[in-house]
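> This is the content of my_file.tsv (TSV, C-alpha atoms (C1' of nucleotides)):
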```tsv
chain	number	residue	atom	x	y	z
A	1170	MET	CA	3.51	-2.98	-29.90
A	1171	ASN	CA	7.18	-3.80	-29.69
A	1172	ALA	CA	9.48	-1.94	-27.34
A	1173	PRO	CA	11.84	0.64	-28.77
A	1174	ALA	CA	14.85	1.65	-26.71
A	1175	LEU	CA	13.73	2.94	-23.36
A	1176	THR	CA	14.33	6.51	-22.33
A	1177	LYS	CA	16.22	7.21	-19.15
A	1178	ASN	CA	13.12	7.56	-16.99
A	1179	GLN	CA	11.47	4.54	-18.51
A	1180	ALA	CA	14.59	2.47	-17.94
A	1181	LEU	CA	14.82	3.57	-14.31
A	1182	VAL	CA	11.20	2.71	-13.60
A	1183	PHE	CA	11.48	-0.63	-15.37
A	1184	GLU	CA	14.63	-1.48	-13.45
A	1185	VAL	CA	12.94	-0.79	-10.14
A	1186	LEU	CA	10.03	-3.04	-11.07
A	1187	GLU	CA	12.30	-5.81	-12.28
A	1188	LYS	CA	14.31	-5.82	-9.09
A	1189	ALA	CA	11.25	-5.77	-6.87
A	1190	ASP	CA	9.93	-9.15	-5.83
A	1191	GLY	CA	6.36	-8.00	-6.04
A	1192	PRO	CA	4.06	-5.31	-7.35
A	1193	LEU	CA	4.81	-1.69	-6.51
A	1194	SER	CA	2.57	1.34	-6.41
A	1195	ALA	CA	3.50	4.36	-8.48
A	1196	TYR	CA	4.34	6.29	-5.34
A	1197	THR	CA	6.57	3.53	-4.03
A	1198	ILE	CA	8.44	3.63	-7.32
A	1199	LEU	CA	8.70	7.38	-6.98
A	1200	ASP	CA	10.26	7.05	-3.53
A	1201	LYS	CA	12.78	4.52	-4.79
A	1202	LEU	CA	13.84	6.91	-7.54
A	1203	ARG	CA	14.17	10.14	-5.57
A	1204	ASP	CA	17.91	9.60	-5.42
A	1205	HIS	CA	17.93	9.48	-9.19
A	1206	GLY	CA	16.27	12.83	-9.48
A	1207	PHE	CA	12.61	11.89	-9.55
A	1208	ARG	CA	10.49	14.54	-7.88
A	1209	ALA	CA	6.90	14.15	-9.04
A	1210	PRO	CA	4.37	11.35	-9.62
A	1211	LEU	CA	3.99	12.28	-13.27
A	1212	GLN	CA	7.53	11.24	-13.99
A	1213	VAL	CA	6.58	7.76	-12.86
A	1214	TYR	CA	3.15	7.65	-14.47
A	1215	ARG	CA	4.47	8.81	-17.80
A	1216	ALA	CA	7.13	6.13	-17.82
A	1217	LEU	CA	4.62	3.50	-16.74
A	1218	GLU	CA	2.26	4.51	-19.51
A	1219	LYS	CA	4.89	3.70	-22.11
A	1220	LEU	CA	6.06	0.53	-20.40
A	1221	LEU	CA	2.46	-0.71	-20.31
A	1222	GLU	CA	2.10	0.14	-23.97
A	1223	TYR	CA	5.25	-1.83	-24.80
A	1224	GLY	CA	3.90	-4.78	-22.84
A	1225	VAL	CA	6.88	-5.08	-20.51
A	1226	VAL	CA	4.93	-4.01	-17.45
A	1227	HIS	CA	1.46	-4.95	-16.22
A	1228	ARG	CA	-0.96	-3.01	-14.13
A	1229	LEU	CA	-2.80	-4.84	-11.38
A	1230	GLU	CA	-6.14	-3.10	-11.33
A	1231	SER	CA	-7.36	-4.62	-8.12
A	1232	ILE	CA	-4.49	-3.31	-6.05
A	1233	ASN	CA	-3.42	-0.21	-8.00
A	1234	ALA	CA	0.07	-1.49	-8.51
A	1235	PHE	CA	2.48	-2.44	-11.26
A	1236	VAL	CA	4.72	-5.43	-11.99
A	1237	ALA	CA	7.35	-6.23	-14.55
A	1238	CYS	CA	6.17	-8.81	-17.03
A	1239	ALA	CA	7.20	-12.33	-16.05
A	1240	HIS	CA	8.69	-13.08	-19.47
A	1241	PRO	CA	9.75	-9.82	-21.00
A	1242	ASP	CA	11.85	-11.64	-23.56
A	1243	GLN	CA	8.79	-12.41	-25.61
A	1244	ASN	CA	6.11	-9.97	-26.52
A	1245	CYS	CA	3.57	-10.41	-23.81
A	1246	HIS	CA	0.83	-8.90	-25.90
A	1247	SER	CA	0.95	-11.91	-28.16
A	1248	HIS	CA	0.07	-14.39	-25.44
A	1249	GLY	CA	-3.57	-13.54	-25.25
A	1250	ILE	CA	-5.10	-12.52	-21.98
A	1251	VAL	CA	-2.78	-12.36	-19.02
A	1252	ALA	CA	-4.09	-13.56	-15.69
A	1253	PHE	CA	-2.63	-12.90	-12.26
A	1254	ALA	CA	-2.78	-14.60	-8.91
A	1255	ILE	CA	-1.92	-12.16	-6.17
A	1256	CYS	CA	-1.09	-13.29	-2.66
A	1257	GLU	CA	-2.64	-10.89	-0.18
A	1258	SER	CA	-0.25	-11.99	2.51
A	1259	CYS	CA	3.22	-11.93	0.98
A	1260	GLY	CA	2.36	-9.81	-2.05
A	1261	HIS	CA	3.83	-12.29	-4.48
A	1262	VAL	CA	2.29	-12.32	-7.94
A	1263	MET	CA	2.07	-15.20	-10.38
A	1264	GLU	CA	1.36	-14.48	-14.00
A	1265	PHE	CA	-0.21	-17.04	-16.28
A	1266	HIS	CA	-2.14	-17.56	-19.49
A	1267	ASP	CA	-4.96	-19.91	-20.30
A	1268	HIS	CA	-6.03	-20.16	-23.87
A	1269	GLU	CA	-9.26	-21.91	-23.00
A	1270	VAL	CA	-10.25	-19.00	-20.77
A	1271	ASP	CA	-9.35	-16.59	-23.57
A	1272	HIS	CA	-11.42	-18.65	-25.91
A	1273	ARG	CA	-14.49	-18.64	-23.69
A	1274	LEU	CA	-14.32	-14.92	-23.09
A	1275	MET	CA	-13.79	-14.22	-26.78
A	1276	ASP	CA	-16.76	-16.43	-27.52
A	1277	TRP	CA	-18.90	-14.37	-25.24
A	1278	THR	CA	-17.75	-11.08	-26.70
A	1279	ARG	CA	-18.31	-12.33	-30.22
A	1280	ARG	CA	-21.86	-13.39	-29.41
A	1281	LYS	CA	-22.56	-10.03	-27.81
A	1282	LYS	CA	-20.72	-8.12	-30.53
A	1283	PHE	CA	-18.68	-6.51	-27.79
A	1284	LYS	CA	-15.37	-5.11	-28.98
A	1285	ALA	CA	-12.92	-6.02	-26.22
A	1286	GLU	CA	-9.93	-3.72	-25.79
A	1287	LYS	CA	-8.41	-4.82	-22.52
A	1288	THR	CA	-9.25	-7.70	-20.25
A	1289	THR	CA	-8.36	-8.03	-16.61
A	1290	ILE	CA	-8.21	-11.33	-14.75
A	1291	GLU	CA	-6.94	-11.14	-11.19
A	1292	ILE	CA	-7.25	-13.75	-8.49
A	1293	ARG	CA	-6.58	-12.52	-5.00
A	1294	GLY	CA	-5.98	-14.94	-2.17
A	1295	LEU	CA	-3.17	-16.80	-0.47
A	1296	CYS	CA	-0.24	-18.48	-2.14
A	1297	GLU	CA	0.76	-21.98	-1.16
A	1298	ALA	CA	3.35	-20.82	1.34
A	1299	CYS	CA	1.08	-18.31	3.03
A	1300	ALA	CA	-1.99	-20.54	3.13
A	1301	ALA	CA	-0.19	-23.20	5.12
B	870	MET	CA	-23.81	-14.46	2.90
B	871	ASN	CA	-27.50	-13.71	2.59
B	872	ALA	CA	-28.80	-10.19	2.91
B	873	PRO	CA	-30.53	-9.20	6.12
B	874	ALA	CA	-32.78	-6.15	6.09
B	875	LEU	CA	-30.83	-3.16	4.93
B	876	THR	CA	-30.23	-0.20	7.19
B	877	LYS	CA	-31.35	3.23	6.10
B	878	ASN	CA	-27.98	4.20	4.62
B	879	GLN	CA	-27.52	0.86	2.95
B	880	ALA	CA	-30.97	1.08	1.40
B	881	LEU	CA	-30.33	4.60	0.11
B	882	VAL	CA	-27.04	3.63	-1.50
B	883	PHE	CA	-28.53	0.51	-3.01
B	884	GLU	CA	-31.46	2.43	-4.40
B	885	VAL	CA	-29.17	4.92	-6.10
B	886	LEU	CA	-27.20	2.10	-7.71
B	887	GLU	CA	-30.34	0.28	-8.84
B	888	LYS	CA	-31.75	3.37	-10.49
B	889	ALA	CA	-28.50	4.23	-12.22
B	890	ASP	CA	-28.06	2.79	-15.69
B	891	GLY	CA	-24.37	2.23	-15.16
B	892	PRO	CA	-21.64	2.02	-12.57
B	893	LEU	CA	-21.18	4.89	-10.14
B	894	SER	CA	-18.18	6.01	-8.13
B	895	ALA	CA	-18.52	6.29	-4.38
B	896	TYR	CA	-18.29	10.06	-4.64
B	897	THR	CA	-20.99	10.24	-7.28
B	898	ILE	CA	-23.22	8.25	-4.96
B	899	LEU	CA	-22.35	10.66	-2.18
B	900	ASP	CA	-23.40	13.62	-4.30
B	901	LYS	CA	-26.68	11.98	-5.18
B	902	LEU	CA	-27.42	11.46	-1.50
B	903	ARG	CA	-26.52	14.86	-0.11
B	904	ASP	CA	-30.19	15.78	-0.09
B	905	HIS	CA	-30.80	12.76	2.09
B	906	GLY	CA	-28.32	13.90	4.67
B	907	PHE	CA	-25.14	12.28	3.45
B	908	ARG	CA	-22.13	14.42	4.21
B	909	ALA	CA	-19.02	12.24	4.12
B	910	PRO	CA	-17.50	9.50	1.93
B	911	LEU	CA	-17.44	7.07	4.81
B	912	GLN	CA	-21.19	6.94	4.91
B	913	VAL	CA	-21.11	5.64	1.36
B	914	TYR	CA	-18.14	3.33	1.78
B	915	ARG	CA	-19.57	1.73	4.89
B	916	ALA	CA	-22.85	1.03	3.16
B	917	LEU	CA	-21.05	-0.31	0.10
B	918	GLU	CA	-18.96	-2.61	2.25
B	919	LYS	CA	-22.06	-4.32	3.53
B	920	LEU	CA	-23.81	-4.40	0.18
B	921	LEU	CA	-20.75	-6.05	-1.35
B	922	GLU	CA	-20.72	-8.54	1.48
B	923	TYR	CA	-24.39	-9.37	0.87
B	924	GLY	CA	-23.64	-9.85	-2.81
B	925	VAL	CA	-26.18	-7.32	-4.05
B	926	VAL	CA	-23.58	-4.90	-5.33
B	927	HIS	CA	-20.38	-5.46	-7.30
B	928	ARG	CA	-17.24	-3.47	-7.38
B	929	LEU	CA	-15.60	-2.85	-10.74
B	930	GLU	CA	-11.92	-2.81	-9.89
B	931	SER	CA	-10.73	-1.50	-13.20
B	932	ILE	CA	-12.78	1.68	-13.00
B	933	ASN	CA	-13.19	2.16	-9.24
B	934	ALA	CA	-16.94	2.07	-9.43
B	935	PHE	CA	-19.90	0.10	-8.17
B	936	VAL	CA	-22.97	-1.48	-9.78
B	937	ALA	CA	-26.08	-3.16	-8.47
B	938	CYS	CA	-26.07	-6.88	-9.17
B	939	ALA	CA	-27.88	-7.75	-12.38
B	940	HIS	CA	-30.03	-10.41	-10.70
B	941	PRO	CA	-30.33	-9.50	-7.06
B	942	ASP	CA	-33.22	-11.94	-6.67
B	943	GLN	CA	-30.83	-14.83	-6.45
B	944	ASN	CA	-27.74	-14.97	-4.36
B	945	CYS	CA	-25.05	-13.82	-6.69
B	946	HIS	CA	-22.33	-15.40	-4.63
B	947	SER	CA	-23.63	-18.81	-5.62
B	948	HIS	CA	-23.09	-18.30	-9.33
B	949	GLY	CA	-19.36	-18.72	-9.30
B	950	ILE	CA	-17.13	-16.03	-10.66
B	951	VAL	CA	-18.86	-12.95	-11.99
B	952	ALA	CA	-17.48	-11.39	-15.14
B	953	PHE	CA	-18.17	-7.94	-16.50
B	954	ALA	CA	-18.03	-6.30	-19.88
B	955	ILE	CA	-17.75	-2.55	-19.50
B	956	CYS	CA	-18.35	-0.19	-22.40
B	957	GLU	CA	-15.85	2.63	-22.23
B	958	SER	CA	-18.04	4.82	-24.40
B	959	CYS	CA	-21.53	4.63	-22.92
B	960	GLY	CA	-20.57	3.19	-19.55
B	961	HIS	CA	-23.00	0.32	-19.83
B	962	VAL	CA	-22.05	-2.83	-17.96
B	963	MET	CA	-23.00	-6.40	-18.77
B	964	GLU	CA	-22.64	-9.04	-16.12
B	965	PHE	CA	-22.21	-12.68	-16.96
B	966	HIS	CA	-20.99	-16.03	-15.70
B	967	ASP	CA	-19.10	-18.76	-17.43
B	968	HIS	CA	-18.65	-22.00	-15.61
B	969	GLU	CA	-15.97	-23.21	-17.96
B	970	VAL	CA	-13.89	-20.14	-17.18
B	971	ASP	CA	-14.46	-20.72	-13.49
B	972	HIS	CA	-13.41	-24.31	-13.97
B	973	ARG	CA	-10.18	-23.41	-15.75
B	974	LEU	CA	-9.20	-20.84	-13.19
B	975	MET	CA	-10.02	-23.19	-10.31
B	976	ASP	CA	-7.96	-25.84	-12.02
B	977	TRP	CA	-5.02	-23.51	-12.11
B	978	THR	CA	-5.38	-22.50	-8.48
B	979	ARG	CA	-5.69	-26.12	-7.41
B	980	ARG	CA	-2.53	-27.06	-9.25
B	981	LYS	CA	-0.68	-24.14	-7.70
B	982	LYS	CA	-2.27	-24.69	-4.30
B	983	PHE	CA	-3.35	-21.08	-4.38
B	984	LYS	CA	-6.26	-20.30	-2.09
B	985	ALA	CA	-8.45	-17.95	-4.11
B	986	GLU	CA	-10.55	-15.51	-2.15
B	987	LYS	CA	-11.87	-13.13	-4.77
B	988	THR	CA	-11.56	-13.19	-8.53
B	989	THR	CA	-11.98	-10.27	-10.86
B	990	ILE	CA	-12.78	-10.60	-14.55
B	991	GLU	CA	-13.43	-7.36	-16.38
B	992	ILE	CA	-13.48	-6.77	-20.11
B	993	ARG	CA	-13.27	-3.16	-21.17
B	994	GLY	CA	-14.12	-2.12	-24.68
B	995	LEU	CA	-17.07	-1.01	-26.78
B	996	CYS	CA	-20.56	-2.43	-26.67
B	997	GLU	CA	-22.36	-3.31	-29.88
B	998	ALA	CA	-24.14	0.02	-30.11
B	999	CYS	CA	-21.03	2.09	-29.47
B	1000	ALA	CA	-18.74	0.06	-31.73
B	1001	ALA	CA	-20.92	0.68	-34.75
C	49	DA	C1'	-32.78	-3.54	35.68
C	50	DT	C1'	-28.13	-3.03	34.65
C	51	DT	C1'	-24.19	-4.15	32.42
C	52	DG	C1'	-21.65	-5.36	28.47
C	53	DC	C1'	-21.32	-6.01	23.72
C	54	DA	C1'	-22.04	-5.45	18.78
C	55	DC	C1'	-23.21	-2.57	15.32
C	56	DA	C1'	-24.55	1.36	12.67
C	57	DC	C1'	-23.73	6.03	12.34
C	58	DG	C1'	-21.57	10.92	12.16
C	59	DT	C1'	-17.47	13.85	11.83
C	60	DT	C1'	-12.85	15.39	11.02
C	61	DA	C1'	-8.70	14.55	9.25
C	62	DT	C1'	-5.52	12.28	6.47
C	63	DA	C1'	-3.55	8.92	3.30
C	64	DG	C1'	-3.05	7.11	-1.26
C	65	DC	C1'	-3.73	7.18	-6.32
C	66	DA	C1'	-3.87	9.82	-10.68
C	67	DT	C1'	-4.08	13.62	-13.99
C	68	DA	C1'	-4.54	18.69	-15.82
C	69	DA	C1'	-2.10	22.40	-17.53
C	70	DC	C1'	1.82	24.97	-18.31
C	71	DG	C1'	6.38	25.56	-20.43
C	72	DC	C1'	10.97	23.96	-22.13
C	73	DA	C1'	14.29	21.14	-24.82
C	74	DA	C1'	15.65	17.76	-28.20
C	75	DT	C1'	14.56	15.18	-32.43
C	76	DT	C1'	12.86	14.46	-36.81
C	77	DG	C1'	11.39	15.06	-41.27
C	78	DA	C1'	9.12	17.91	-44.95
D	805	DT	C1'	14.11	26.51	-41.62
D	806	DC	C1'	9.94	25.44	-39.79
D	807	DA	C1'	6.46	22.60	-37.89
D	808	DA	C1'	5.27	18.51	-35.52
D	809	DT	C1'	6.28	15.12	-32.14
D	810	DT	C1'	8.01	13.40	-28.01
D	811	DG	C1'	9.97	13.41	-23.54
D	812	DC	C1'	10.74	15.95	-19.56
D	813	DG	C1'	10.08	18.98	-15.24
D	814	DT	C1'	7.03	21.55	-12.18
D	815	DT	C1'	2.98	23.09	-9.78
D	816	DA	C1'	-1.40	22.42	-8.71
D	817	DT	C1'	-5.40	19.86	-8.31
D	818	DG	C1'	-8.77	16.18	-8.29
D	819	DC	C1'	-10.39	11.63	-7.24
D	820	DT	C1'	-10.45	7.42	-4.29
D	821	DA	C1'	-10.27	5.38	0.24
D	822	DT	C1'	-9.47	4.82	5.17
D	823	DA	C1'	-7.92	6.06	10.19
D	824	DA	C1'	-9.41	7.48	14.47
D	825	DC	C1'	-12.52	9.33	17.46
D	826	DG	C1'	-16.99	9.56	19.64
D	827	DT	C1'	-22.29	8.82	19.91
D	828	DG	C1'	-26.49	6.29	20.12
D	829	DT	C1'	-29.30	2.14	19.95
D	830	DG	C1'	-30.73	-2.54	20.48
D	831	DC	C1'	-30.22	-6.77	22.64
D	832	DA	C1'	-28.62	-10.63	25.39
D	833	DA	C1'	-26.68	-12.45	29.74
D	834	DT	C1'	-26.38	-12.01	34.44
```
Represent the structure from my file as structure tokens, please.

Amino acid sequence: MNAPALTKNQALVFEVLEKADGPLSAYTILDKLRDHGFRAPLQVYRALEKLLEYGVVHRLESINAFVACAHPDQNCHSHGIVAFAICESCGHVMEFHDHEVDHRLMDWTRRKKFKAEKTTIEIRGLCEACAA
Amino acid sequence: MNAPALTKNQALVFEVLEKADGPLSAYTILDKLRDHGFRAPLQVYRALEKLLEYGVVHRLESINAFVACAHPDQNCHSHGIVAFAICESCGHVMEFHDHEVDHRLMDWTRRKKFKAEKTTIEIRGLCEACAA
DNA sequence: ATTGCACACGTTATAGCATAACGCAATTGA
DNA sequence: TCAATTGCGTTATGCTATAACGTGTGCAAT
């Protein structure tokens, strides 16, 4: 799914996520956009839905938050499974890919004839700076 | 963390999860236990907190639900990372472990000096029966 | 024995996350 | 032109999770 031009709301939400230095909840995004006319959660969720579809934003399931993709230039959906390391102290998120992990998980699903749609890998802990 | 004897509430919640053939939300558990005197979400969440700690229950982050561990006989915490495949049609959950995946993720965290506390791997899709 | 502590529990209230359902406006394409 | 699609705004609601308070019980140290 490649990204067509963003609508106004989508662009506003994406901009907020890009400028943030960490994941944001939908309601935090809403608060940051009240000055731009946002009034209700649905305005945010609807924009997020599209941005997720386009692959330019990721949802962090374990903390109910959203981040801009770390390399939005390329199509993130083509990199295989995306994994995240989330620092529980400073909130910083690192995004990475590991083809061997993808391979092992795909192996398992093939053996079990499980049709995978969406895979979540999230490591929560402390980043180097915070663990010190 | 090995499991001491469960308290009454913990035992009730665990029993409900064991009997269920899929993951349950905290509020679904609450409803199933109203006849046993449960009145408030906290009674469920407090029990779940302990059961998670003992490793006899898992939380599925991507669907905000809980399942009994697939092999509660052993200490699940000693198996490395637990991965789940969740069927979005029938709700069935398969639990598995893959040491090579663990290894790759630990490799990454070691390189990045990231101190992992809890890792989530969840594959959502369709099980063999539902994909047919 | 009494005191102090830890822990489970119960209750009320509230916070935080997400979607249903309605209607309107603009766009597109048959 | 008409129908279908898509985005948008609004109100209301539902689901998920925790804060804050108080009670009771068991147990260990003095």
> Using only C-alpha atoms (C1' of nucleotides), I'd like a table of the residues in chain A that come within 10 Å of chain D; for each, show the closest atom pair and its distance in Å rounded to one decimal, ordered by chain and ascending number, as a tab-separated table.

```
residue	atom	partner	partner_atom	distance
A:Thr1176	CA	D:DG811	C1'	8.3
A:Lys1177	CA	D:DG811	C1'	9.8
A:Asn1178	CA	D:DC812	C1'	9.1
A:Phe1207	CA	D:DG813	C1'	9.4
A:Arg1208	CA	D:DG813	C1'	8.6
A:Ala1209	CA	D:DT814	C1'	8.0
A:Leu1211	CA	D:DG813	C1'	9.3
A:Gln1212	CA	D:DC812	C1'	8.0
A:Arg1215	CA	D:DG811	C1'	9.2
A:Ala1216	CA	D:DG811	C1'	9.7
```
> Put those residues in a file: C-alpha atoms, as a JSON list (two decimals), keeping the file's coordinate frame.

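Output saved as selection-v1.json:
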```
[["chain", "number", "residue", "atom", "x", "y", "z"],
["A", 1176, "THR", "CA", 14.33, 6.51, -22.33],
["A", 1177, "LYS", "CA", 16.22, 7.21, -19.15],
["A", 1178, "ASN", "CA", 13.12, 7.56, -16.99],
["A", 1207, "PHE", "CA", 12.61, 11.89, -9.55],
["A", 1208, "ARG", "CA", 10.49, 14.54, -7.88],
["A", 1209, "ALA", "CA", 6.90, 14.15, -9.04],
["A", 1211, "LEU", "CA", 3.99, 12.28, -13.27],
["A", 1212, "GLN", "CA", 7.53, 11.24, -13.99],
["A", 1215, "ARG", "CA", 4.47, 8.81, -17.80],
["A", 1216, "ALA", "CA", 7.13, 6.13, -17.82]]
```
> Please identify every residue of chain C that has at least one atom no more than 10 Å from any atom of chain A, counting all atoms listed in the file, and report them as number ranges by chain.
C: 64-67
> Please superimpose chain A on chain B using every C-alpha atom, paired by order, in a least-squares fit, and write the moved chain as a CSV table (one decimal) with C-alpha atoms, keeping the file's coordinate frame.

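Here's the written file selection-v1.csv:
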```
chain,number,residue,atom,x,y,z
A,1170,MET,CA,-23.7,-14.5,2.8
A,1171,ASN,CA,-27.4,-13.7,2.6
A,1172,ALA,CA,-28.7,-10.2,2.9
A,1173,PRO,CA,-30.4,-9.2,6.1
A,1174,ALA,CA,-32.7,-6.2,6.1
A,1175,LEU,CA,-30.8,-3.2,4.9
A,1176,THR,CA,-30.2,-0.2,7.2
A,1177,LYS,CA,-31.3,3.2,6.1
A,1178,ASN,CA,-28.0,4.2,4.6
A,1179,GLN,CA,-27.5,0.9,2.9
A,1180,ALA,CA,-31.0,1.1,1.4
A,1181,LEU,CA,-30.3,4.6,0.1
A,1182,VAL,CA,-27.0,3.6,-1.5
A,1183,PHE,CA,-28.5,0.5,-3.0
A,1184,GLU,CA,-31.5,2.4,-4.4
A,1185,VAL,CA,-29.2,4.9,-6.1
A,1186,LEU,CA,-27.2,2.1,-7.7
A,1187,GLU,CA,-30.3,0.3,-8.8
A,1188,LYS,CA,-31.8,3.3,-10.5
A,1189,ALA,CA,-28.5,4.2,-12.2
A,1190,ASP,CA,-28.1,2.8,-15.7
A,1191,GLY,CA,-24.4,2.2,-15.2
A,1192,PRO,CA,-21.6,2.0,-12.6
A,1193,LEU,CA,-21.2,4.9,-10.1
A,1194,SER,CA,-18.2,6.0,-8.1
A,1195,ALA,CA,-18.5,6.3,-4.4
A,1196,TYR,CA,-18.3,10.1,-4.7
A,1197,THR,CA,-21.0,10.2,-7.3
A,1198,ILE,CA,-23.2,8.2,-5.0
A,1199,LEU,CA,-22.4,10.7,-2.2
A,1200,ASP,CA,-23.5,13.6,-4.3
A,1201,LYS,CA,-26.7,12.0,-5.2
A,1202,LEU,CA,-27.5,11.4,-1.5
A,1203,ARG,CA,-26.6,14.9,-0.1
A,1204,ASP,CA,-30.3,15.7,-0.1
A,1205,HIS,CA,-30.9,12.7,2.1
A,1206,GLY,CA,-28.4,13.9,4.7
A,1207,PHE,CA,-25.2,12.3,3.4
A,1208,ARG,CA,-22.2,14.4,4.2
A,1209,ALA,CA,-19.1,12.3,4.1
A,1210,PRO,CA,-17.5,9.6,1.9
A,1211,LEU,CA,-17.4,7.1,4.8
A,1212,GLN,CA,-21.2,7.0,4.9
A,1213,VAL,CA,-21.1,5.7,1.4
A,1214,TYR,CA,-18.1,3.4,1.8
A,1215,ARG,CA,-19.5,1.8,4.9
A,1216,ALA,CA,-22.8,1.0,3.2
A,1217,LEU,CA,-21.0,-0.3,0.1
A,1218,GLU,CA,-18.9,-2.6,2.2
A,1219,LYS,CA,-22.0,-4.3,3.5
A,1220,LEU,CA,-23.8,-4.4,0.2
A,1221,LEU,CA,-20.7,-6.0,-1.4
A,1222,GLU,CA,-20.7,-8.5,1.5
A,1223,TYR,CA,-24.3,-9.4,0.9
A,1224,GLY,CA,-23.6,-9.8,-2.8
A,1225,VAL,CA,-26.2,-7.3,-4.0
A,1226,VAL,CA,-23.6,-4.9,-5.3
A,1227,HIS,CA,-20.4,-5.5,-7.3
A,1228,ARG,CA,-17.2,-3.4,-7.4
A,1229,LEU,CA,-15.6,-2.8,-10.7
A,1230,GLU,CA,-11.9,-2.8,-9.9
A,1231,SER,CA,-10.7,-1.5,-13.2
A,1232,ILE,CA,-12.8,1.7,-13.0
A,1233,ASN,CA,-13.2,2.2,-9.2
A,1234,ALA,CA,-16.9,2.1,-9.4
A,1235,PHE,CA,-19.9,0.1,-8.2
A,1236,VAL,CA,-23.0,-1.5,-9.8
A,1237,ALA,CA,-26.1,-3.2,-8.5
A,1238,CYS,CA,-26.0,-6.9,-9.2
A,1239,ALA,CA,-27.9,-7.8,-12.4
A,1240,HIS,CA,-30.0,-10.4,-10.7
A,1241,PRO,CA,-30.3,-9.5,-7.0
A,1242,ASP,CA,-33.2,-11.9,-6.6
A,1243,GLN,CA,-30.8,-14.8,-6.4
A,1244,ASN,CA,-27.7,-15.0,-4.3
A,1245,CYS,CA,-25.0,-13.8,-6.7
A,1246,HIS,CA,-22.3,-15.4,-4.6
A,1247,SER,CA,-23.6,-18.8,-5.6
A,1248,HIS,CA,-23.1,-18.3,-9.3
A,1249,GLY,CA,-19.3,-18.7,-9.3
A,1250,ILE,CA,-17.1,-16.0,-10.7
A,1251,VAL,CA,-18.9,-13.0,-12.0
A,1252,ALA,CA,-17.5,-11.4,-15.1
A,1253,PHE,CA,-18.2,-7.9,-16.5
A,1254,ALA,CA,-18.0,-6.3,-19.9
A,1255,ILE,CA,-17.7,-2.5,-19.5
A,1256,CYS,CA,-18.3,-0.2,-22.4
A,1257,GLU,CA,-15.8,2.6,-22.2
A,1258,SER,CA,-18.0,4.8,-24.4
A,1259,CYS,CA,-21.5,4.6,-22.9
A,1260,GLY,CA,-20.5,3.2,-19.6
A,1261,HIS,CA,-23.0,0.4,-19.8
A,1262,VAL,CA,-22.0,-2.8,-18.0
A,1263,MET,CA,-23.0,-6.4,-18.8
A,1264,GLU,CA,-22.7,-9.0,-16.1
A,1265,PHE,CA,-22.2,-12.7,-17.0
A,1266,HIS,CA,-21.0,-16.0,-15.7
A,1267,ASP,CA,-19.1,-18.8,-17.5
A,1268,HIS,CA,-18.7,-22.0,-15.6
A,1269,GLU,CA,-16.0,-23.2,-18.0
A,1270,VAL,CA,-13.9,-20.1,-17.2
A,1271,ASP,CA,-14.5,-20.7,-13.5
A,1272,HIS,CA,-13.5,-24.3,-14.0
A,1273,ARG,CA,-10.2,-23.4,-15.8
A,1274,LEU,CA,-9.2,-20.9,-13.2
A,1275,MET,CA,-10.1,-23.2,-10.3
A,1276,ASP,CA,-8.0,-25.9,-12.0
A,1277,TRP,CA,-5.1,-23.5,-12.1
A,1278,THR,CA,-5.4,-22.5,-8.5
A,1279,ARG,CA,-5.8,-26.1,-7.4
A,1280,ARG,CA,-2.6,-27.1,-9.2
A,1281,LYS,CA,-0.7,-24.2,-7.7
A,1282,LYS,CA,-2.3,-24.7,-4.3
A,1283,PHE,CA,-3.4,-21.1,-4.4
A,1284,LYS,CA,-6.3,-20.3,-2.1
A,1285,ALA,CA,-8.5,-18.0,-4.1
A,1286,GLU,CA,-10.6,-15.5,-2.2
A,1287,LYS,CA,-11.9,-13.1,-4.8
A,1288,THR,CA,-11.6,-13.2,-8.5
A,1289,THR,CA,-12.0,-10.3,-10.9
A,1290,ILE,CA,-12.8,-10.6,-14.6
A,1291,GLU,CA,-13.4,-7.3,-16.4
A,1292,ILE,CA,-13.5,-6.8,-20.1
A,1293,ARG,CA,-13.3,-3.2,-21.2
A,1294,GLY,CA,-14.1,-2.1,-24.7
A,1295,LEU,CA,-17.0,-1.0,-26.8
A,1296,CYS,CA,-20.5,-2.4,-26.7
A,1297,GLU,CA,-22.3,-3.3,-29.8
A,1298,ALA,CA,-24.1,0.1,-30.1
A,1299,CYS,CA,-21.0,2.1,-29.5
A,1300,ALA,CA,-18.7,0.1,-31.7
A,1301,ALA,CA,-20.9,0.7,-34.7
```
> Taking all atoms listed in the file into account and nothing else, which residues of chain A lie no more than 12 Å away from chain B? Please answer as a VMD selection string.
chain A and resid 1228 to 1234 1250 to 1258 1261 to 1301
> Just give me the gap between atom CA of B:Cys938 and atom CA of B:Leu886 in Å, one decimal is fine.
9.2 Å
> As an exercise, work out the distance from atom CA of A:Ala1189 to atom CA of A:Glu1222 in Å and give it to one decimal place.
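Interatomic distance here is 20.3 Å.
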> So the first atom is atom CA of B:Gly891 and the second is atom CA of B:Ala939; what is the distance between them in Å, to one decimal place?
10.9 Å
> Measuring between all atoms listed in the file, which one of A:Ala1174, A:Val1225, A:Leu1217, A:Val1236 shows the shortest distance to A:Lys1188?
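Among the listed residues, the smallest separation from A:Lys1188 belongs to A:Val1236.
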